[in-house]
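Q: This is the content of upload03.cif (mmCIF, C-alpha atoms):
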```
data_upload
#
loop_
_atom_site.label_atom_id
_atom_site.label_comp_id
_atom_site.auth_asym_id
_atom_site.auth_seq_id
_atom_site.Cartn_x
_atom_site.Cartn_y
_atom_site.Cartn_z
CA MET A 1 8.59 17.86 -32.45
CA ASP A 2 10.39 16.14 -29.57
CA THR A 3 10.20 12.36 -29.37
CA HIS A 4 9.91 10.54 -26.03
CA PHE A 5 9.57 6.88 -25.13
CA ALA A 6 6.81 6.09 -22.65
CA VAL A 7 5.08 3.18 -20.96
CA LEU A 8 1.29 3.50 -20.99
CA PRO A 9 -1.57 1.38 -19.64
CA THR A 10 -2.99 -1.11 -22.11
CA ASP A 11 -6.50 0.41 -22.13
CA VAL A 12 -5.09 3.83 -23.02
CA ILE A 13 -3.11 2.34 -25.92
CA ASP A 14 -6.18 0.46 -27.14
CA SER A 15 -8.23 3.65 -27.04
CA VAL A 16 -5.57 5.51 -29.07
CA ILE A 17 -5.49 2.71 -31.65
CA LEU A 18 -9.31 2.78 -31.87
CA GLN A 19 -9.26 6.51 -32.61
CA ILE A 20 -6.52 6.10 -35.23
CA ASP A 21 -8.44 3.29 -36.96
CA HIS A 22 -11.58 5.44 -37.17
CA SER A 23 -9.57 8.57 -38.13
CA ARG A 24 -11.26 10.82 -35.62
CA GLN A 25 -10.18 13.17 -32.89
CA PRO A 26 -11.32 12.62 -29.29
CA SER A 27 -13.92 15.03 -27.98
CA ARG A 28 -11.56 15.87 -25.11
CA PRO A 29 -7.92 15.39 -26.24
CA PRO A 30 -5.23 14.34 -23.76
CA ARG A 31 -3.77 17.22 -21.79
CA PHE A 32 -0.88 17.54 -19.37
CA LEU A 33 -1.71 19.24 -16.07
CA ARG A 34 0.46 20.50 -13.26
CA LEU A 35 -1.21 19.64 -9.98
CA PRO A 36 0.15 19.63 -6.41
CA HIS A 37 1.54 16.25 -5.47
CA PRO A 38 -0.56 14.78 -2.66
CA ARG A 39 2.48 13.99 -0.46
CA THR A 40 4.89 16.87 -1.10
CA GLY A 41 2.53 19.56 -2.40
CA LEU A 42 5.01 20.34 -5.19
CA PRO A 43 3.60 20.82 -8.71
CA SER A 44 3.85 17.52 -10.58
CA LEU A 45 2.91 16.41 -14.07
CA PHE A 46 -0.25 14.41 -14.79
CA LEU A 47 -1.98 13.42 -18.01
CA THR A 48 -5.75 13.43 -18.42
CA TYR A 49 -7.28 11.09 -20.93
CA GLN A 50 -10.78 10.15 -22.02
CA LEU A 51 -11.23 6.47 -22.74
CA GLN A 52 -13.69 5.36 -25.41
CA GLU A 53 -15.13 1.91 -24.99
CA GLY A 54 -17.78 0.05 -26.91
CA GLY A 55 -21.12 -0.32 -25.18
CA GLY A 56 -23.36 -3.36 -25.18
CA ASN A 57 -25.81 -1.97 -27.80
CA GLY A 58 -23.13 -0.68 -30.15
CA SER A 59 -22.88 2.72 -28.45
CA GLU A 60 -19.70 4.19 -26.98
CA VAL A 61 -19.09 4.61 -23.30
CA ARG A 62 -16.66 7.39 -22.39
CA SER A 63 -14.83 7.57 -19.11
CA SER A 64 -12.00 9.85 -18.10
CA THR A 65 -8.85 8.83 -16.32
CA ILE A 66 -5.75 10.59 -15.07
CA LEU A 67 -2.19 9.27 -15.25
CA GLU A 68 0.81 10.17 -13.11
CA VAL A 69 3.84 10.97 -15.26
CA GLN A 70 7.18 9.84 -13.86
CA THR A 71 10.60 9.96 -15.47
CA VAL A 72 13.16 7.16 -15.26
CA ALA A 73 16.48 8.84 -16.01
CA PRO A 74 19.66 6.79 -16.58
CA PRO A 75 22.74 7.75 -14.52
CA GLY A 76 24.73 8.47 -17.71
CA ALA A 77 23.99 9.72 -21.19
CA ARG A 78 21.72 7.34 -23.12
CA SER A 79 19.91 7.33 -26.46
CA TRP A 80 17.06 5.46 -28.12
CA PHE A 81 17.18 3.91 -31.59
CA MET A 82 13.89 4.14 -33.49
CA ARG A 83 14.19 2.67 -36.99
CA GLU A 84 16.79 4.87 -38.70
CA GLU A 85 16.47 7.69 -36.18
CA VAL A 86 18.47 8.26 -32.99
CA VAL A 87 16.52 9.85 -30.12
CA SER A 88 19.06 11.67 -27.98
CA ASP A 89 16.79 11.85 -24.93
CA GLY A 90 17.38 8.49 -23.24
CA ARG A 91 14.82 9.01 -20.49
CA LEU A 92 11.77 6.76 -20.16
CA LEU A 93 8.37 8.19 -19.24
CA VAL A 94 6.21 5.92 -17.12
CA MET A 95 2.52 6.84 -16.97
CA THR A 96 0.41 4.98 -14.44
CA PRO A 97 -3.21 5.54 -13.37
CA ILE A 98 -3.73 7.34 -10.08
CA ASP A 99 -6.91 7.58 -8.04
CA PRO A 100 -8.22 11.19 -8.19
CA ILE A 101 -8.97 10.92 -4.46
CA PHE A 102 -5.26 11.38 -3.73
CA LEU A 103 -5.03 14.45 -5.96
CA LEU A 104 -8.10 15.97 -4.32
CA ILE A 105 -6.50 15.85 -0.85
CA PRO A 106 -4.21 18.90 -1.27
CA ILE A 107 -6.75 20.69 -3.48
CA LEU A 108 -9.69 20.39 -1.10
CA GLY A 109 -7.35 20.79 1.86
CA ALA A 110 -6.46 24.27 0.61
CA THR A 111 -10.03 25.38 1.29
CA VAL A 112 -10.09 24.17 4.92
CA SER A 113 -10.11 26.95 7.50
CA GLN A 114 -6.95 27.22 9.60
CA GLU A 115 -9.09 27.98 12.67
CA GLY A 116 -10.82 24.62 12.38
CA GLU A 117 -14.20 26.09 11.48
CA GLN A 118 -16.51 23.78 9.59
CA ALA A 119 -16.99 24.80 5.98
CA ASN A 120 -20.36 25.35 4.36
CA PHE A 121 -21.88 23.22 1.64
CA ARG A 122 -21.07 24.66 -1.78
CA PRO A 123 -21.17 23.60 -5.43
CA ALA A 124 -18.08 21.78 -6.63
CA ASP A 125 -17.13 24.59 -9.03
CA ASP A 126 -17.06 27.14 -6.19
CA ILE A 127 -14.86 24.90 -4.03
CA LEU A 128 -12.44 24.23 -6.90
CA GLU A 129 -12.25 27.91 -7.85
CA GLU A 130 -11.28 28.85 -4.29
CA ALA A 131 -8.71 26.04 -4.16
CA ALA A 132 -7.26 27.06 -7.55
CA THR A 133 -6.87 30.67 -6.42
CA ARG A 134 -5.20 29.78 -3.13
CA LEU A 135 -2.84 27.22 -4.65
CA ALA A 136 -1.84 29.60 -7.46
CA GLU A 137 -1.14 32.38 -4.96
CA ALA A 138 0.93 30.02 -2.81
CA SER A 139 3.04 28.87 -5.76
CA HIS A 140 3.65 32.45 -6.93
CA SER A 141 4.53 33.64 -3.41
CA SER A 142 7.48 31.23 -3.35
CA GLY A 143 9.26 33.62 -5.72
CA SER A 144 10.33 30.89 -8.13
CA GLN A 145 10.58 31.86 -11.80
CA ASP A 146 10.52 28.21 -12.91
CA PRO A 147 7.19 27.62 -14.71
CA SER A 148 7.29 23.95 -13.69
CA LEU A 149 6.84 25.05 -10.06
CA ILE A 150 3.71 27.12 -10.73
CA VAL A 151 0.19 25.72 -10.35
CA ALA A 152 -2.13 27.30 -12.92
CA PRO A 153 -5.77 27.81 -11.87
CA ASP A 154 -6.86 26.53 -15.29
CA ASP A 155 -5.19 23.16 -14.59
CA ILE A 156 -7.14 22.84 -11.33
CA MET A 157 -10.44 23.63 -13.03
CA THR A 158 -9.70 21.23 -15.90
CA PHE A 159 -8.99 18.48 -13.41
CA GLY A 160 -12.19 19.28 -11.51
CA ALA A 161 -14.26 18.98 -14.69
CA LEU A 162 -13.30 15.33 -15.24
CA ASP A 163 -16.07 12.88 -14.47
CA CYS A 164 -13.62 10.73 -12.49
CA THR A 165 -12.89 13.76 -10.28
CA VAL A 166 -16.57 14.46 -9.64
CA HIS A 167 -17.08 10.78 -8.81
CA ALA A 168 -14.12 10.88 -6.38
CA MET A 169 -15.49 13.98 -4.63
CA ARG A 170 -18.64 12.05 -3.78
CA HIS A 171 -16.49 9.59 -1.81
CA ILE A 172 -14.61 12.07 0.37
CA CYS A 173 -17.20 14.85 0.78
CA ASP A 174 -20.48 15.24 2.58
CA ILE A 175 -23.18 15.68 -0.07
CA LYS A 176 -26.55 17.39 -0.23
CA GLU A 177 -28.73 17.26 -3.33
CA ILE A 178 -30.67 20.52 -3.44
CA THR A 179 -32.38 19.70 -6.71
CA ALA A 180 -31.90 17.15 -9.45
CA GLU A 181 -29.41 19.52 -11.11
CA ILE A 182 -27.76 21.12 -8.06
CA THR A 183 -25.53 19.14 -5.67
CA VAL A 184 -23.41 20.78 -2.97
CA PHE A 185 -20.30 19.36 -1.32
CA ARG A 186 -18.29 19.77 1.88
CA TYR A 187 -14.85 18.21 2.32
CA SER A 188 -14.82 15.58 5.09
CA GLN A 189 -11.64 14.07 6.53
CA GLU A 190 -13.76 11.40 8.23
CA ARG A 191 -15.02 10.15 4.89
CA LEU A 192 -11.49 10.37 3.50
CA MET A 193 -10.25 8.11 6.30
CA GLU A 194 -13.01 5.63 5.50
CA GLN A 195 -11.82 5.45 1.89
CA LEU A 196 -8.18 5.10 2.94
CA THR A 197 -9.09 2.32 5.35
CA LYS A 198 -10.79 0.45 2.51
CA LYS A 199 -7.67 0.85 0.37
CA VAL A 200 -5.48 -0.46 3.20
CA ALA A 201 -7.72 -3.53 3.56
CA ALA A 202 -7.49 -4.18 -0.19
CA LEU A 203 -3.69 -3.82 -0.28
CA ALA A 204 -3.15 -5.92 2.86
CA THR A 205 -4.59 -9.09 1.33
CA PRO A 206 -2.10 -11.96 0.81
CA ARG A 207 -2.72 -11.92 -2.93
CA ILE A 208 -1.44 -8.35 -3.22
CA THR A 209 1.55 -8.61 -0.88
CA GLU A 210 2.75 -11.84 -2.49
CA MET A 211 2.97 -10.07 -5.85
CA SER A 212 6.02 -8.13 -4.63
CA ARG A 213 9.24 -9.89 -3.66
CA SER A 214 10.44 -6.86 -1.73
CA LEU A 215 7.31 -6.93 0.46
CA ILE A 216 7.77 -10.65 1.10
CA ARG A 217 11.40 -10.07 2.07
CA GLY A 218 10.33 -7.34 4.48
CA LEU A 219 7.87 -9.68 6.19
CA ALA A 220 10.38 -12.52 6.32
CA LYS A 221 13.06 -10.22 7.73
CA ASN A 222 10.85 -9.60 10.75
CA ALA A 223 10.17 -13.34 11.12
CA LEU A 224 6.47 -12.88 10.35
CA MET A 225 6.16 -15.76 7.90
CA GLU A 226 6.17 -18.36 10.70
CA ASP A 227 2.95 -20.28 11.34
CA GLU A 228 2.75 -19.15 14.97
CA HIS A 229 2.76 -15.46 13.95
CA GLU A 230 -0.50 -15.28 12.02
CA GLU A 231 -1.81 -12.23 13.90
CA LEU A 232 1.52 -10.44 13.63
CA LEU A 233 1.64 -11.28 9.91
CA THR A 234 -1.75 -9.61 9.43
CA LEU A 235 -0.46 -6.53 11.25
CA GLY A 236 2.69 -6.60 9.14
CA ARG A 237 0.69 -6.65 5.91
CA THR A 238 -1.47 -3.79 7.19
CA GLN A 239 1.59 -1.72 8.06
CA LEU A 240 3.07 -2.34 4.61
CA ALA A 241 -0.21 -1.23 3.03
CA CYS A 242 -0.15 1.97 5.09
CA ASP A 243 3.44 2.63 4.01
CA LEU A 244 2.46 2.20 0.37
CA LEU A 245 -0.43 4.64 0.68
CA ALA A 246 1.82 7.06 2.58
CA GLN A 247 3.67 7.74 -0.69
CA TYR A 248 0.58 9.70 -1.74
CA LEU A 249 -0.51 11.20 1.57
CA PRO A 250 0.48 14.45 3.30
CA PRO A 251 2.12 14.02 6.73
CA ASN A 252 -0.97 14.90 8.79
CA ILE A 253 -3.22 12.45 6.90
CA ARG A 254 -0.56 9.73 7.08
CA LYS A 255 -0.22 10.25 10.84
CA GLY A 256 -3.98 9.97 11.31
CA LEU A 257 -4.12 6.81 9.20
CA MET A 258 -1.32 5.10 11.14
CA ALA A 259 -2.93 6.12 14.46
CA SER A 260 -6.14 4.32 13.50
CA TYR A 261 -4.35 0.95 13.82
CA ASP A 262 -2.75 -0.68 16.86
CA PHE A 263 0.74 -1.70 15.78
CA ALA A 264 2.06 -2.04 19.37
CA PRO A 265 2.32 -5.89 19.30
CA LEU A 266 4.19 -5.75 15.99
CA GLU A 267 6.57 -3.04 17.21
CA SER A 268 7.27 -5.03 20.39
CA HIS A 269 8.02 -8.11 18.30
CA VAL A 270 10.44 -6.19 16.06
CA ARG A 271 12.24 -4.67 19.07
CA GLY A 272 12.68 -8.14 20.53
CA LEU A 273 14.25 -9.32 17.27
CA GLN A 274 16.63 -6.39 17.27
CA ARG A 275 17.75 -7.12 20.84
CA HIS A 276 18.26 -10.77 19.91
CA HIS A 277 20.45 -9.78 16.94
CA LEU A 278 22.59 -7.57 19.17
CA ASP A 279 23.01 -10.30 21.82
CA PRO A 280 21.86 -13.72 20.57
CA SER A 281 22.63 -15.50 23.88
CA PRO A 282 20.00 -15.66 26.67
CA PRO A 283 20.60 -13.49 29.78
CA GLY A 284 21.28 -16.61 31.92
CA ASP A 285 24.35 -17.47 29.88
CA MET A 286 26.26 -14.33 30.86
CA THR A 287 27.82 -15.91 33.99
CA ALA A 288 28.89 -18.96 32.04
CA LYS A 289 30.41 -16.67 29.42
CA LYS A 290 32.50 -14.85 32.04
CA ASP A 291 33.66 -18.14 33.60
CA ARG A 292 34.74 -19.48 30.22
CA LYS A 293 36.58 -16.26 29.46
CA ARG A 294 38.37 -16.32 32.85
CA THR A 295 39.38 -19.94 32.38
CA SER A 296 40.68 -19.18 28.90
CA THR A 297 42.77 -16.27 30.23
CA VAL A 298 44.33 -18.39 33.00
CA SER A 299 45.17 -21.21 30.59
CA LYS A 300 46.82 -18.72 28.27
CA GLY A 301 48.90 -17.34 31.15
CA ASN A 302 50.09 -20.82 32.12
CA SER A 303 51.01 -21.59 28.56
CA VAL A 304 53.15 -18.45 28.48
CA LYS A 305 55.02 -19.48 31.66
CA ARG A 306 55.72 -22.98 30.41
CA LYS A 307 57.00 -21.69 27.09
CA LYS A 308 60.75 -22.24 26.66
CA GLU A 309 63.07 -19.57 25.35
CA PRO A 310 64.09 -20.10 21.73
CA LYS A 311 67.56 -21.60 21.12
CA PRO A 312 70.03 -19.01 19.75
CA SER A 313 71.48 -19.49 16.30
CA GLN A 314 75.09 -20.65 15.70
CA GLY A 315 76.23 -17.14 14.67
CA VAL A 316 74.95 -15.59 17.90
CA GLY A 317 76.61 -18.36 19.91
CA LYS A 318 80.04 -17.76 18.29
CA LEU A 319 79.83 -14.01 18.92
CA LYS A 320 79.17 -14.65 22.62
CA LYS A 321 82.35 -16.76 22.84
CA ALA A 322 84.55 -14.22 20.97
CA ASN A 323 87.32 -12.38 22.93
CA VAL A 324 86.47 -8.65 22.92
CA ASP A 325 89.24 -7.48 25.27
CA GLY A 326 90.97 -4.38 23.93
CA MET A 327 88.34 -3.73 21.31
CA ALA A 328 86.69 -0.28 21.17
CA LYS A 329 83.03 -0.17 21.96
CA LEU A 330 80.61 0.74 19.22
CA SER A 331 79.48 3.87 21.14
CA THR A 332 82.93 5.44 20.81
CA PHE A 333 82.40 5.98 17.13
CA PHE A 334 79.57 8.41 17.87
CA VAL A 335 81.47 10.64 20.37
CA LYS A 336 82.56 14.12 19.23
CA ARG A 337 86.30 14.29 18.74
CA THR A 338 88.32 16.90 20.65
CA VAL A 339 91.02 18.91 18.87
#
```
Rewrite the structure of this file - the entire thing - as structure tokens.

A:
Amino acid sequence: MDTHFAVLPTDVIDSVILQIDHSRQPSRPPRFLRLPHPRTGLPSLFLTYQLQEGGGNGSEVRSSTILEVQTVAPPGARSWFMREEVVSDGRLLVMTPIDPIFLLIPILGATVSQEGEQANFRPADDILEEAATRLAEASHSSGSQDPSLIVAPDDIMTFGALDCTVHAMRHICDIKEITAEITVFRYSQERLMEQLTKKVAALATPRITEMSRSLIRGLAKNALMEDEHEELLTLGRTQLACDLLAQYLPPNIRKGLMASYDFAPLESHVRGLQRHHLDPSPPGDMTAKKDRKRTSTVSKGNSVKRKKEPKPSQGVGKLKKANVDGMAKLSTFFVKRTV
């Protein structure tokens, strides 16, 4: 069996340790799924996992989660040392939780009519089955024989059966409860935008932005950390939050999210900084600049006129005084001789 090194969330590790201590298998073991990436639409690897936590009365509370699997590959060949064993694969797997809302965007989006017609309310299983069929057909139509580029309908249905997925669908879909057992859904981009706006507000708080040095440098680069730029600083944090979310949004959703905010004052401020960097002097100083340049040129010209010719060396002076009468000129040595 292949060995890989990975970084996992603490709660997932604790749940694994709990299962090992009690020597029991989880009711729903972890499983890798290939789902379309919310930004690119390309099949990407995700890991489903069911957490087991202790309840207040001694019972267990189970909740599912899904992790995004990313690979950190070194530029050259690397290996891991594990006790007395050498693991030749030097890559590091990083598994981080991802909100199922992002993964539902391309899945539910596959069921939206291209003509803009409003969909009907349907059970979640029917919507996911249609999405799984369309996404599988689209991946097969690309003609690729690489299995890593194929979305399997079973992966879509497994993802849809997670309780975290069902909970996420309630946030981005219109809902009607027909009976206590039957609930129907309809994908709503308006409700999706509401959820994204809430995420932007949460990410744009000072506590979050100050956790990242790169974000602070970006704000300071645009001179937004000054006290007189409080409103622009708020806009800057909001724009950074939108850029972060954009890593998990398709282009059309990202465009709609950015259009819901007025970044015109911030963009005007940044353009002014760029013009100042190109020409740091105020416009009124241009005439003074030209006058100083003209004066400098004239003074240089005068200095050239007043400059004396250098005194020749003693050897050159003796050659000038030498008697060259009767001597052949140097050019005669390069004339073709006549026979």

Q: Go ahead and compute the interatomic distance for atom CA of A:Trp80 and atom CA of A:Thr48, in Å to one decimal.

A: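 Interatomic distance, atom CA of A:Trp80 to atom CA of A:Thr48: 26.0 Å.
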
Q: Under the rule that all atoms listed in the file are counted, which of A:Gly109, A:Gly236, A:Pro265, A:Pro30 is the nearest residue to A:Phe159?

A: A:Pro30

Q: Atom CA of A:Ala136 and atom CA of A:Ala152 are how many Å apart?

A: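 About the pair atom CA of A:Ala136 and atom CA of A:Ala152: they are 5.9 Å apart.
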
Q: Out of A:Leu266, A:Val72, A:Leu8, A:Val184, which residue has the shortest atom-to-atom distance to A:His229 when counting all atoms listed in the file?

A: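 Going through A:Leu266, A:Val72, A:Leu8, A:Val184 one by one, the smallest distance to A:His229 is for A:Leu266.
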
Q: Can you spell out as a PDB file with C-alpha atoms, in the frame of the given file the set of residues that the PyMOL selection byres ((chain A and resi 238-244) around 10) selects in the structure I just provided?

A:
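Result file follows (selection-v6.pdb):
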```pdb
ATOM      1  CA  LEU A 196      -8.180   5.100   2.940  1.00  0.00           C
ATOM      2  CA  THR A 197      -9.090   2.320   5.350  1.00  0.00           C
ATOM      3  CA  LYS A 199      -7.670   0.850   0.370  1.00  0.00           C
ATOM      4  CA  VAL A 200      -5.480  -0.460   3.200  1.00  0.00           C
ATOM      5  CA  ALA A 201      -7.720  -3.530   3.560  1.00  0.00           C
ATOM      6  CA  ALA A 202      -7.490  -4.180  -0.190  1.00  0.00           C
ATOM      7  CA  LEU A 203      -3.690  -3.820  -0.280  1.00  0.00           C
ATOM      8  CA  ALA A 204      -3.150  -5.920   2.860  1.00  0.00           C
ATOM      9  CA  THR A 205      -4.590  -9.090   1.330  1.00  0.00           C
ATOM     10  CA  ILE A 208      -1.440  -8.350  -3.220  1.00  0.00           C
ATOM     11  CA  THR A 209       1.550  -8.610  -0.880  1.00  0.00           C
ATOM     12  CA  LEU A 215       7.310  -6.930   0.460  1.00  0.00           C
ATOM     13  CA  GLY A 218      10.330  -7.340   4.480  1.00  0.00           C
ATOM     14  CA  LEU A 219       7.870  -9.680   6.190  1.00  0.00           C
ATOM     15  CA  LEU A 232       1.520 -10.440  13.630  1.00  0.00           C
ATOM     16  CA  LEU A 233       1.640 -11.280   9.910  1.00  0.00           C
ATOM     17  CA  THR A 234      -1.750  -9.610   9.430  1.00  0.00           C
ATOM     18  CA  LEU A 235      -0.460  -6.530  11.250  1.00  0.00           C
ATOM     19  CA  GLY A 236       2.690  -6.600   9.140  1.00  0.00           C
ATOM     20  CA  ARG A 237       0.690  -6.650   5.910  1.00  0.00           C
ATOM     21  CA  LEU A 245      -0.430   4.640   0.680  1.00  0.00           C
ATOM     22  CA  ALA A 246       1.820   7.060   2.580  1.00  0.00           C
ATOM     23  CA  GLN A 247       3.670   7.740  -0.690  1.00  0.00           C
ATOM     24  CA  TYR A 248       0.580   9.700  -1.740  1.00  0.00           C
ATOM     25  CA  LEU A 249      -0.510  11.200   1.570  1.00  0.00           C
ATOM     26  CA  ARG A 254      -0.560   9.730   7.080  1.00  0.00           C
ATOM     27  CA  LEU A 257      -4.120   6.810   9.200  1.00  0.00           C
ATOM     28  CA  MET A 258      -1.320   5.100  11.140  1.00  0.00           C
ATOM     29  CA  TYR A 261      -4.350   0.950  13.820  1.00  0.00           C
ATOM     30  CA  ASP A 262      -2.750  -0.680  16.860  1.00  0.00           C
ATOM     31  CA  PHE A 263       0.740  -1.700  15.780  1.00  0.00           C
ATOM     32  CA  LEU A 266       4.190  -5.750  15.990  1.00  0.00           C
TER      33      LEU A 266
END
```

Q: Of the candidates A:Ser142, A:Gln195, A:Ser331, A:Gln114, which shows the shortest atom-to-atom distance to A:Leu42, using only C-alpha atoms?

A: A:Ser142

Q: Counting only C-alpha atoms, what is within 7 Å of stretch 93-97 of chain A, bar same-chain residues fewer than 3 positions away, as a VMD selection string?

A: chain A and resid 5 to 9 66 to 72

Q: So what does the PyMOL selection byres ((chain A and resi 223) around 12) actually pick up in this one, as a PDB file with C-alpha atoms, in the frame of the given file?

A:
```pdb
ATOM      1  CA  ILE A 216       7.770 -10.650   1.100  1.00  0.00           C
ATOM      2  CA  ARG A 217      11.400 -10.070   2.070  1.00  0.00           C
ATOM      3  CA  GLY A 218      10.330  -7.340   4.480  1.00  0.00           C
ATOM      4  CA  LEU A 219       7.870  -9.680   6.190  1.00  0.00           C
ATOM      5  CA  ALA A 220      10.380 -12.520   6.320  1.00  0.00           C
ATOM      6  CA  LYS A 221      13.060 -10.220   7.730  1.00  0.00           C
ATOM      7  CA  ASN A 222      10.850  -9.600  10.750  1.00  0.00           C
ATOM      8  CA  LEU A 224       6.470 -12.880  10.350  1.00  0.00           C
ATOM      9  CA  MET A 225       6.160 -15.760   7.900  1.00  0.00           C
ATOM     10  CA  GLU A 226       6.170 -18.360  10.700  1.00  0.00           C
ATOM     11  CA  ASP A 227       2.950 -20.280  11.340  1.00  0.00           C
ATOM     12  CA  GLU A 228       2.750 -19.150  14.970  1.00  0.00           C
ATOM     13  CA  HIS A 229       2.760 -15.460  13.950  1.00  0.00           C
ATOM     14  CA  GLU A 230      -0.500 -15.280  12.020  1.00  0.00           C
ATOM     15  CA  LEU A 232       1.520 -10.440  13.630  1.00  0.00           C
ATOM     16  CA  LEU A 233       1.640 -11.280   9.910  1.00  0.00           C
ATOM     17  CA  GLY A 236       2.690  -6.600   9.140  1.00  0.00           C
ATOM     18  CA  LEU A 266       4.190  -5.750  15.990  1.00  0.00           C
ATOM     19  CA  HIS A 269       8.020  -8.110  18.300  1.00  0.00           C
ATOM     20  CA  VAL A 270      10.440  -6.190  16.060  1.00  0.00           C
ATOM     21  CA  ARG A 271      12.240  -4.670  19.070  1.00  0.00           C
ATOM     22  CA  GLY A 272      12.680  -8.140  20.530  1.00  0.00           C
ATOM     23  CA  LEU A 273      14.250  -9.320  17.270  1.00  0.00           C
ATOM     24  CA  GLN A 274      16.630  -6.390  17.270  1.00  0.00           C
TER      25      GLN A 274
END
```

Q: Report, in Å to a single decimal, how far apart atom CA of A:Asp126 and atom CA of A:Met193 are.

A: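 Interatomic distance here is 23.8 Å.
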
Q: Just want the 10 Å neighbourhood of A:Ile182, counted on all atoms listed in the file, with same-chain residues fewer than 3 positions away dropped. Output as a PyMOL selection string.

A: chain A and resi 122-124+176-179
